[in-house]
Number of protein chains: 2
Amino acid sequence: MSRREIKVGMLGLGTVGRGVCRLLAANGPLLDQRAGAGITLKKVLVRDLSRDRGLALPPGLLTTNAGDILSDPEIEIVIEVMGGTGSALEYVLSALRSGRSVVTANKDMVSTHGRELFAAAAEGGSDILFEASVAGGIPIITPLKESLAANRILSLHGIINGTTNYILTRMTREGLGLAEALREARSAGYAEADPAADVEGLDAARKLAILASIAFNTRIVPQDVAVEGIMSVTAEDIAYAREFGFTIKLLAIARETAGGIDVRVHPAFVPDGHPLAAVSGVFNAVFVVSDAAGESMFYGRGAGEMPTASAVVADVMDAVRHLLYRAPGLFGCTCFENKPLKPPGLVESRFYLRLKVADRPGVLAAIARVFGDNGVSLAQVVQKQAGDLAELVVISHRVREAWLRQALVDIGGLPVVREVASVIRVEGEDH
Amino acid sequence: MSRREIKVGMLGLGTVGRGVCRLLAANGPLLDQRAGAGITLKKVLVRDLSRDRGLALPPGLLTTNAGDILSDPEIEIVIEVMGGTGSALEYVLSALRSGRSVVTANKDMVSTHGRELFAAAAEGGSDILFEASVAGGIPIITPLKESLAANRILSLHGIINGTTNYILTRMTREGLGLAEALREARSAGYAEADPAADVEGLDAARKLAILASIAFNTRIVPQDVAVEGIMSVTAEDIAYAREFGFTIKLLAIARETAGGIDVRVHPAFVPDGHPLAAVSGVFNAVFVVSDAAGESMFYGRGAGEMPTASAVVADVMDAVRHLLYRAPGLFGCTCFENKPLKPPGLVESRFYLRLKVADRPGVLAAIARVFGDNGVSLAQVVQKQAGDLAELVVISHRVREAWLRQALVDIGGLPVVREVASVIRVEGEDH
């Protein structure tokens with residue numbers, strides 16, 4: 001039987017694109033055998049033909065004309081690793097509508113334009129695959145869509161941004177302040193020159209939107225996610241967390257509740273015994289609770305040239321198998337529900353709070369009264385000297401967020417309270 | 001468009017079969033929507049029609065005649081949860097050859113008869129799916145076959161037997177001896193009346209054979225796996241492990257080396273910082289190292305009615321999708337290589353050794369000389385009083401297993417040595 005040869009075009013040749021070239025070169029024959037067809041990279045779209053990319057590329061591989069890929073009748077699969085939602089989206093939609101399968105690593109595009117992408121894929125009878133868009137080399141999209149498909153997913157808790165996990169790990173292990181840990185992350189190559197999207201939680205929110213859409217079969221976009229970054233986390237908070245038996249992580253959380261889908265990204269106290277507490281440095285993990293399988297966790301390298309290329313090429317191999325069996329579109333859009341979002345104020349959590357207060361008798365009683373009046377009940381209280389002020393650290397019982405926020409407004413208005421220094425949720429104690 | 005209805009037959013109605021009935025009943029409409037077709041359990045083969053199984057079953061569902069399933073032209077998917085390799089194998093081969101897709105949770109059958117199963121599936125143009133045969137509710141077969149397909153897998157380290165992990169966890173946390181921890185596991189329902197297959201490592205070896213066959217694209221059967229169980233692990237070993245910064249786990253290990261495939265199951269010292277060291281109680285995990293994705297770990301509930309049913313029903317949903325797209329057989333046999341096994345004597349490891357020796361001068365020197373003469377170099381040595389004997393605990397550097405075994409034979413022959421009490425490998429320090 002003569003072997004099918006499948007021709008692939010790639011849009012973009014940055015870090016991930018280079019990884020794809022390297023991986024195809026390194027493991028080519030094995031991948032062909034596993035996929036059941038020859039996989040050939042025929043054309044790669046770049047902006048600059050002359051730039052040295054440190055790769056041995058066959059002559060004629062590069063082009064600056066997207067049409068050389070999108071209009072080549074031989075090219076059946078298009079890899080998109082340009083990023084952004086401008087021409088990347090335009091090219092991908094065109095490829096899908098023309099019946100070409102698309103593999104993308106582009107979380108901005110998938111999280112924001114999922115509906116259009118799936119509509120175009122349905123129109124063209126093509127595959128849109130995006131394992132690489134969330135958590136790099138960690139299999140998570142396929143496990144959610146396929147392996148856990150028999151379950152109702154109850155909740156997801158993810159550490160899905162490597163930069164912030166590196167920073168928080170350095171703060172925890174070395175007692176560094178945030179600014180110093182961020183500088184270190186930059187010089188280690190784990191943070192970009194402008195780390196805003198990472199430290200402000202926006203990168204995690206995009207990935208969470210993708211995961212939550214799959215988990216709950218309803219379209220979640222990044223704007224649906226309530227986001228807080230890590231910039232307000234201090235060395236003091238990290239030290240208190242350790243004292244109470246917690247580790248601070250930037251968590252991406254999605255839960256299905258009676259009142260709607262609760263999706264948020266924020267720093268959180270995670271109990272030291274929880275599997276996520278041990279996920280350190282640039283590693284990522286997604287902890288899933290579902291009704292039949294119970295607790296599962298998917299752990300690995302969430303970014304980087306080769307881990308992300310691993311996910312891209314695996315998707316290409318799936319697309320190849322589908323082409324061989326004339327089954328592209330096997331996994332279409334799964335957002336067949338339209339579920340409401342849970343208003344953040346109605347979400348219940350436990351909270352860690354750090355207050356600077358006057359060091360004088362009666363202060364604790366006054367503050368405790370305000371908490372009580374707002375329905376906030378306290379599980380643990382520690383008071384310490386901090387210069388000529390006292391530092392009051394409190395962990396609450398579960399309380400509706402709106403009530404806690406109102407209590408903090410009232411407490412901020414007490415003359416004896418100088419500052420509400422930190423407010424961090426406690427997560428991972430139940431589901 | 002009228003929705004396809006897919007009829008399913010099930011062979012067996014024990015724990016897992018009951019879980020499948022419950023899961024289909026609980027999540028039916030959601031699963032139908034996700035799979036793209038109605039899924040109906042039409043017939044279930046049992047030995048005894050009258051037994052009360054605590055399930056509300058439609059009349060006529062049960063049968064004692066396998067032919068009611070295997071010869072029903074309406075039944076397109078057969079679930080096999082009988083276990084064993086007798087009639088289960090016969091029925092499954094017949095179903096596959098007749099073009100019916102088969103989903104099985106039967107690790108004995110898949111690990112021993114993989115070749116025949118895939119040959120029958122190829123003959124019938126059908127799917128043979130077996131996610132539930134390894135590690136219950138943890139997605140691991142699909143991630144290995146699909147998500148990590150672009151990688152050369154370098155090694156797998158698995159905790160894939162919940163009974164032994166429960167026992168070792170109780171020994172570690174409570175200082176129990178093995179017999180006591182085993183009694184506890186029995187009364188908690190985590191060990192069977194005859195726990196031999198678990199504590200002797202045979203259950204883990206079967207699962208490892210399945211995982212290694214996929215990871216390395218070569219057929220590995222249970223007899224290829226070098227197996228040691230946990231019966232020789234003592235409370236003293238656990239205490240020394242903690243002292244040196246390790247946790248003892250029953251590891252299932254598969255590695256591709258220059259000298260062949262190295263597959264073994266045995267207790268091992270795992271460094272406390274390794275993600276596997278934190279996998280406690282009945283939880284399972286598989287830690288995979290591959291050339292592009294790097295380190296990944298898959299964690300969750302490796303057994304039990306509902307976690308295993310989760311894997312079975314997910315496979316049924318995949319089989320349904322393949323039927324809808326006329327693509328059964330999308331994942332055929334991947335054992336297209338024929339790689340040699342690495343002889344266990346040539347495998348290099350570090351070793352923990354515990355010896356009972358006479359408490360007198362010159363003993364350590366005599367023992368150290370024998371180690372040295374056999375090419376065994378020592379990384380750590382601790383000597384303690386133990387009654388009127390001394391206990392000598394050693395951790396070696398990496399050494400070829402055959403050399404270590406010869407050293408132990410020679411040392412056992414020294415008049416001052418009363419007993420070689422424990423020999424446990426150290427794993428997970430590199431890949």
# chains A, B, ... in the order shown; residues from 1 in each chain; ligands from 1
$ residues_around --residues "B:Ala268" --least-positions-apart "2" --cutoff "8 Å" --atoms "only C-alpha atoms" --output "PyMOL selection string"
chain B and resi 248-251+266+270+424-427
$ select_by_dssp --residues "stretch 25-242 of chain B" --states "helix (DSSP H, G or I)" --output "number ranges by chain"
B: 25-35, 67-70, 87-97, 107-124, 131-133, 141-147, 162-174, 178-187, 196-199, 202-216, 222-224, 235-242
$ residues_around --residues "stretch 207-217 of chain A" --least-positions-apart "2" --cutoff "9 Å" --atoms "only C-alpha atoms" --output "PDB file with N, CA and C atoms, in the first residue's frame"
ATOM      1  N   LYS A 107      -3.499  31.389  21.992  1.00  0.00           N
ATOM      2  CA  LYS A 107      -4.533  31.448  23.037  1.00  0.00           C
ATOM      3  C   LYS A 107      -5.385  32.705  22.931  1.00  0.00           C
ATOM      4  N   ASP A 108      -4.779  33.826  22.462  1.00  0.00           N
ATOM      5  CA  ASP A 108      -5.571  35.043  22.321  1.00  0.00           C
ATOM      6  C   ASP A 108      -6.700  34.799  21.325  1.00  0.00           C
ATOM      7  N   VAL A 110      -7.925  31.847  20.115  1.00  0.00           N
ATOM      8  CA  VAL A 110      -8.888  30.788  20.450  1.00  0.00           C
ATOM      9  C   VAL A 110      -9.824  31.245  21.570  1.00  0.00           C
ATOM     10  N   SER A 111      -9.272  31.946  22.570  1.00  0.00           N
ATOM     11  CA  SER A 111     -10.121  32.331  23.706  1.00  0.00           C
ATOM     12  C   SER A 111     -11.142  33.387  23.312  1.00  0.00           C
ATOM     13  N   THR A 112     -10.790  34.244  22.357  1.00  0.00           N
ATOM     14  CA  THR A 112     -11.687  35.349  22.005  1.00  0.00           C
ATOM     15  C   THR A 112     -12.582  35.013  20.816  1.00  0.00           C
ATOM     16  N   GLY A 114     -13.343  31.801  19.550  1.00  0.00           N
ATOM     17  CA  GLY A 114     -13.671  30.379  19.455  1.00  0.00           C
ATOM     18  C   GLY A 114     -14.890  30.102  18.601  1.00  0.00           C
ATOM     19  N   SER A 133      -2.447  25.815  22.834  1.00  0.00           N
ATOM     20  CA  SER A 133      -2.842  27.156  23.292  1.00  0.00           C
ATOM     21  C   SER A 133      -2.926  27.241  24.812  1.00  0.00           C
ATOM     22  N   VAL A 134      -3.008  26.116  25.493  1.00  0.00           N
ATOM     23  CA  VAL A 134      -3.086  26.119  26.962  1.00  0.00           C
ATOM     24  C   VAL A 134      -2.029  25.177  27.527  1.00  0.00           C
ATOM     25  N   ALA A 135      -1.191  25.711  28.395  1.00  0.00           N
ATOM     26  CA  ALA A 135      -0.276  24.890  29.190  1.00  0.00           C
ATOM     27  C   ALA A 135       0.713  24.090  28.362  1.00  0.00           C
ATOM     28  N   ILE A 140      -3.979  18.668  28.049  1.00  0.00           N
ATOM     29  CA  ILE A 140      -5.119  19.058  28.884  1.00  0.00           C
ATOM     30  C   ILE A 140      -6.389  19.235  28.061  1.00  0.00           C
ATOM     31  N   ILE A 141      -6.259  19.744  26.827  1.00  0.00           N
ATOM     32  CA  ILE A 141      -7.447  19.922  25.988  1.00  0.00           C
ATOM     33  C   ILE A 141      -8.021  18.545  25.616  1.00  0.00           C
ATOM     34  N   LEU A 144      -9.572  16.719  28.552  1.00  0.00           N
ATOM     35  CA  LEU A 144     -10.880  17.269  28.933  1.00  0.00           C
ATOM     36  C   LEU A 144     -11.948  16.907  27.907  1.00  0.00           C
ATOM     37  N   LYS A 145     -11.607  17.034  26.603  1.00  0.00           N
ATOM     38  CA  LYS A 145     -12.611  16.795  25.554  1.00  0.00           C
ATOM     39  C   LYS A 145     -12.936  15.324  25.397  1.00  0.00           C
ATOM     40  N   ALA A 149     -14.650  12.873  29.145  1.00  0.00           N
ATOM     41  CA  ALA A 149     -15.919  13.265  28.529  1.00  0.00           C
ATOM     42  C   ALA A 149     -17.141  12.643  29.193  1.00  0.00           C
ATOM     43  N   ARG A 152     -19.376  14.940  34.429  1.00  0.00           N
ATOM     44  CA  ARG A 152     -19.668  16.335  34.677  1.00  0.00           C
ATOM     45  C   ARG A 152     -18.454  16.907  35.393  1.00  0.00           C
ATOM     46  N   ILE A 153     -17.823  17.935  34.817  1.00  0.00           N
ATOM     47  CA  ILE A 153     -16.696  18.569  35.494  1.00  0.00           C
ATOM     48  C   ILE A 153     -17.275  19.490  36.567  1.00  0.00           C
ATOM     49  N   LEU A 154     -16.788  19.346  37.782  1.00  0.00           N
ATOM     50  CA  LEU A 154     -17.275  20.196  38.875  1.00  0.00           C
ATOM     51  C   LEU A 154     -16.406  21.436  39.032  1.00  0.00           C
ATOM     52  N   SER A 155     -15.094  21.258  38.949  1.00  0.00           N
ATOM     53  CA  SER A 155     -14.199  22.416  39.082  1.00  0.00           C
ATOM     54  C   SER A 155     -12.849  22.141  38.446  1.00  0.00           C
ATOM     55  N   LEU A 156     -12.192  23.226  38.065  1.00  0.00           N
ATOM     56  CA  LEU A 156     -10.810  23.217  37.579  1.00  0.00           C
ATOM     57  C   LEU A 156     -10.023  24.198  38.432  1.00  0.00           C
ATOM     58  N   GLY A 158      -6.173  25.713  38.154  1.00  0.00           N
ATOM     59  CA  GLY A 158      -4.957  25.601  37.365  1.00  0.00           C
ATOM     60  C   GLY A 158      -3.869  26.557  37.801  1.00  0.00           C
ATOM     61  N   ILE A 160      -1.420  28.019  35.545  1.00  0.00           N
ATOM     62  CA  ILE A 160      -1.243  27.964  34.097  1.00  0.00           C
ATOM     63  C   ILE A 160      -0.458  29.167  33.571  1.00  0.00           C
ATOM     64  N   ASN A 161       0.297  29.792  34.465  1.00  0.00           N
ATOM     65  CA  ASN A 161       1.228  30.822  34.019  1.00  0.00           C
ATOM     66  C   ASN A 161       2.572  30.576  34.697  1.00  0.00           C
ATOM     67  N   LEU A 202      -3.647  38.231  33.042  1.00  0.00           N
ATOM     68  CA  LEU A 202      -4.424  38.214  31.795  1.00  0.00           C
ATOM     69  C   LEU A 202      -4.115  36.983  30.950  1.00  0.00           C
ATOM     70  N   ASP A 203      -2.846  36.581  30.956  1.00  0.00           N
ATOM     71  CA  ASP A 203      -2.460  35.375  30.214  1.00  0.00           C
ATOM     72  C   ASP A 203      -3.208  34.159  30.778  1.00  0.00           C
ATOM     73  N   ALA A 204      -3.217  34.048  32.096  1.00  0.00           N
ATOM     74  CA  ALA A 204      -3.932  32.920  32.726  1.00  0.00           C
ATOM     75  C   ALA A 204      -5.423  32.988  32.422  1.00  0.00           C
ATOM     76  N   ALA A 205      -5.990  34.202  32.380  1.00  0.00           N
ATOM     77  CA  ALA A 205      -7.426  34.348  32.124  1.00  0.00           C
ATOM     78  C   ALA A 205      -7.790  33.846  30.731  1.00  0.00           C
ATOM     79  N   ARG A 219     -19.723  28.829  26.134  1.00  0.00           N
ATOM     80  CA  ARG A 219     -18.669  29.738  25.684  1.00  0.00           C
ATOM     81  C   ARG A 219     -18.272  30.724  26.779  1.00  0.00           C
ATOM     82  N   ILE A 220     -17.032  30.638  27.235  1.00  0.00           N
ATOM     83  CA  ILE A 220     -16.478  31.597  28.197  1.00  0.00           C
ATOM     84  C   ILE A 220     -15.379  32.368  27.470  1.00  0.00           C
ATOM     85  N   VAL A 221     -15.427  33.697  27.536  1.00  0.00           N
ATOM     86  CA  VAL A 221     -14.382  34.506  26.905  1.00  0.00           C
ATOM     87  C   VAL A 221     -13.575  35.198  28.009  1.00  0.00           C
ATOM     88  N   PRO A 222     -12.375  35.701  27.653  1.00  0.00           N
ATOM     89  CA  PRO A 222     -11.514  36.276  28.698  1.00  0.00           C
ATOM     90  C   PRO A 222     -12.200  37.369  29.525  1.00  0.00           C
ATOM     91  N   GLN A 223     -13.076  38.148  28.873  1.00  0.00           N
ATOM     92  CA  GLN A 223     -13.736  39.228  29.626  1.00  0.00           C
ATOM     93  C   GLN A 223     -14.679  38.689  30.701  1.00  0.00           C
ATOM     94  N   ASP A 224     -15.052  37.428  30.621  1.00  0.00           N
ATOM     95  CA  ASP A 224     -15.926  36.829  31.637  1.00  0.00           C
ATOM     96  C   ASP A 224     -15.175  36.529  32.934  1.00  0.00           C
ATOM     97  N   VAL A 225     -13.842  36.525  32.844  1.00  0.00           N
ATOM     98  CA  VAL A 225     -13.037  36.060  33.979  1.00  0.00           C
ATOM     99  C   VAL A 225     -12.712  37.240  34.904  1.00  0.00           C
ATOM    100  N   ALA A 252      -5.984  29.799  38.520  1.00  0.00           N
ATOM    101  CA  ALA A 252      -7.066  30.020  37.554  1.00  0.00           C
ATOM    102  C   ALA A 252      -8.152  29.026  37.927  1.00  0.00           C
ATOM    103  N   ILE A 253      -9.314  29.536  38.297  1.00  0.00           N
ATOM    104  CA  ILE A 253     -10.360  28.691  38.866  1.00  0.00           C
ATOM    105  C   ILE A 253     -11.618  28.768  38.021  1.00  0.00           C
ATOM    106  N   ALA A 254     -12.207  27.623  37.737  1.00  0.00           N
ATOM    107  CA  ALA A 254     -13.515  27.587  37.075  1.00  0.00           C
ATOM    108  C   ALA A 254     -14.351  26.546  37.790  1.00  0.00           C
ATOM    109  N   ARG A 255     -15.557  26.942  38.202  1.00  0.00           N
ATOM    110  CA  ARG A 255     -16.420  26.014  38.915  1.00  0.00           C
ATOM    111  C   ARG A 255     -17.824  26.157  38.361  1.00  0.00           C
ATOM    112  N   GLU A 256     -18.531  25.029  38.323  1.00  0.00           N
ATOM    113  CA  GLU A 256     -19.956  25.130  37.998  1.00  0.00           C
ATOM    114  C   GLU A 256     -20.717  25.129  39.314  1.00  0.00           C
ATOM    115  N   ILE A 261     -21.634  29.814  36.249  1.00  0.00           N
ATOM    116  CA  ILE A 261     -20.213  29.468  36.139  1.00  0.00           C
ATOM    117  C   ILE A 261     -19.388  30.551  36.822  1.00  0.00           C
ATOM    118  N   VAL A 263     -15.768  31.916  37.240  1.00  0.00           N
ATOM    119  CA  VAL A 263     -14.430  31.862  36.616  1.00  0.00           C
ATOM    120  C   VAL A 263     -13.600  33.036  37.088  1.00  0.00           C
ATOM    121  N   ARG A 264     -12.425  32.741  37.632  1.00  0.00           N
ATOM    122  CA  ARG A 264     -11.585  33.825  38.148  1.00  0.00           C
ATOM    123  C   ARG A 264     -10.134  33.404  38.204  1.00  0.00           C
ATOM    124  N   VAL A 265      -9.276  34.439  38.173  1.00  0.00           N
ATOM    125  CA  VAL A 265      -7.828  34.261  38.306  1.00  0.00           C
ATOM    126  C   VAL A 265      -7.383  35.188  39.409  1.00  0.00           C
ATOM    127  N   CYS A 333     -17.253  21.988  17.791  1.00  0.00           N
ATOM    128  CA  CYS A 333     -17.549  22.866  18.921  1.00  0.00           C
ATOM    129  C   CYS A 333     -18.371  22.105  19.958  1.00  0.00           C
ATOM    130  N   THR A 334     -17.992  22.225  21.225  1.00  0.00           N
ATOM    131  CA  THR A 334     -18.741  21.551  22.287  1.00  0.00           C
ATOM    132  C   THR A 334     -19.493  22.550  23.169  1.00  0.00           C
ATOM    133  N   CYS A 335     -19.544  23.805  22.737  1.00  0.00           N
ATOM    134  CA  CYS A 335     -20.258  24.819  23.539  1.00  0.00           C
ATOM    135  C   CYS A 335     -21.729  24.843  23.155  1.00  0.00           C
ATOM    136  N   PHE A 336     -22.429  23.760  23.470  1.00  0.00           N
ATOM    137  CA  PHE A 336     -23.832  23.658  23.062  1.00  0.00           C
ATOM    138  C   PHE A 336     -24.780  24.147  24.150  1.00  0.00           C
ATOM    139  N   GLU A 337     -24.229  24.636  25.256  1.00  0.00           N
ATOM    140  CA  GLU A 337     -25.074  25.192  26.310  1.00  0.00           C
ATOM    141  C   GLU A 337     -24.836  26.698  26.365  1.00  0.00           C
ATOM    142  N   ASN A 338     -25.705  27.375  27.100  1.00  0.00           N
ATOM    143  CA  ASN A 338     -25.537  28.813  27.277  1.00  0.00           C
ATOM    144  C   ASN A 338     -25.773  29.110  28.748  1.00  0.00           C
ATOM    145  N   LYS A 339     -24.734  28.910  29.541  1.00  0.00           N
ATOM    146  CA  LYS A 339     -24.893  28.989  30.993  1.00  0.00           C
ATOM    147  C   LYS A 339     -24.553  30.390  31.495  1.00  0.00           C
TER     148      LYS A 339
ATOM    149  N   ARG B  34     -22.420  15.308  23.914  1.00  0.00           N
ATOM    150  CA  ARG B  34     -20.975  15.403  23.681  1.00  0.00           C
ATOM    151  C   ARG B  34     -20.503  14.412  22.618  1.00  0.00           C
TER     152      ARG B  34
END
$ interface_residues --of "chain B" --to "chain A" --cutoff "7 Å" --atoms "only C-alpha atoms" --output "PyMOL selection string"
chain B and resi 31+34+137-139+143+146-151+292-301+306-307+310-311+313-314+321+325+327+330+334
$ residues_around --residues "stretch 80-87 of chain B" --least-positions-apart "4" --cutoff "6 Å" --atoms "only C-alpha atoms" --output "ChimeraX atom specification"
/B:10-12,91,104-106,109
$ write_last_selection --atoms "N, CA and C atoms" --output "CSV table (one decimal), in the first residue's frame"
chain,number,residue,atom,x,y,z
B,10,MET,N,-22.9,-5.1,27.0
B,10,MET,CA,-21.9,-5.1,28.0
B,10,MET,C,-21.7,-6.6,28.5
B,11,LEU,N,-20.5,-7.0,28.6
B,11,LEU,CA,-20.2,-8.4,29.1
B,11,LEU,C,-19.7,-8.2,30.5
B,12,GLY,N,-20.6,-8.6,31.5
B,12,GLY,CA,-20.2,-8.5,32.9
B,12,GLY,C,-20.9,-7.4,33.6
B,91,TYR,N,-15.0,-13.9,23.6
B,91,TYR,CA,-16.0,-13.0,23.2
B,91,TYR,C,-15.5,-11.7,22.5
B,104,THR,N,-12.6,-2.2,26.8
B,104,THR,CA,-12.4,-3.1,27.8
B,104,THR,C,-11.6,-2.5,29.0
B,105,ALA,N,-11.8,-3.0,30.2
B,105,ALA,CA,-11.1,-2.6,31.4
B,105,ALA,C,-10.2,-3.7,31.8
B,106,ASN,N,-9.9,-4.7,30.9
B,106,ASN,CA,-9.3,-5.9,31.4
B,106,ASN,C,-7.8,-5.9,31.1
B,109,MET,N,-6.1,-9.3,30.1
B,109,MET,CA,-6.2,-9.6,28.7
B,109,MET,C,-5.4,-8.7,27.7
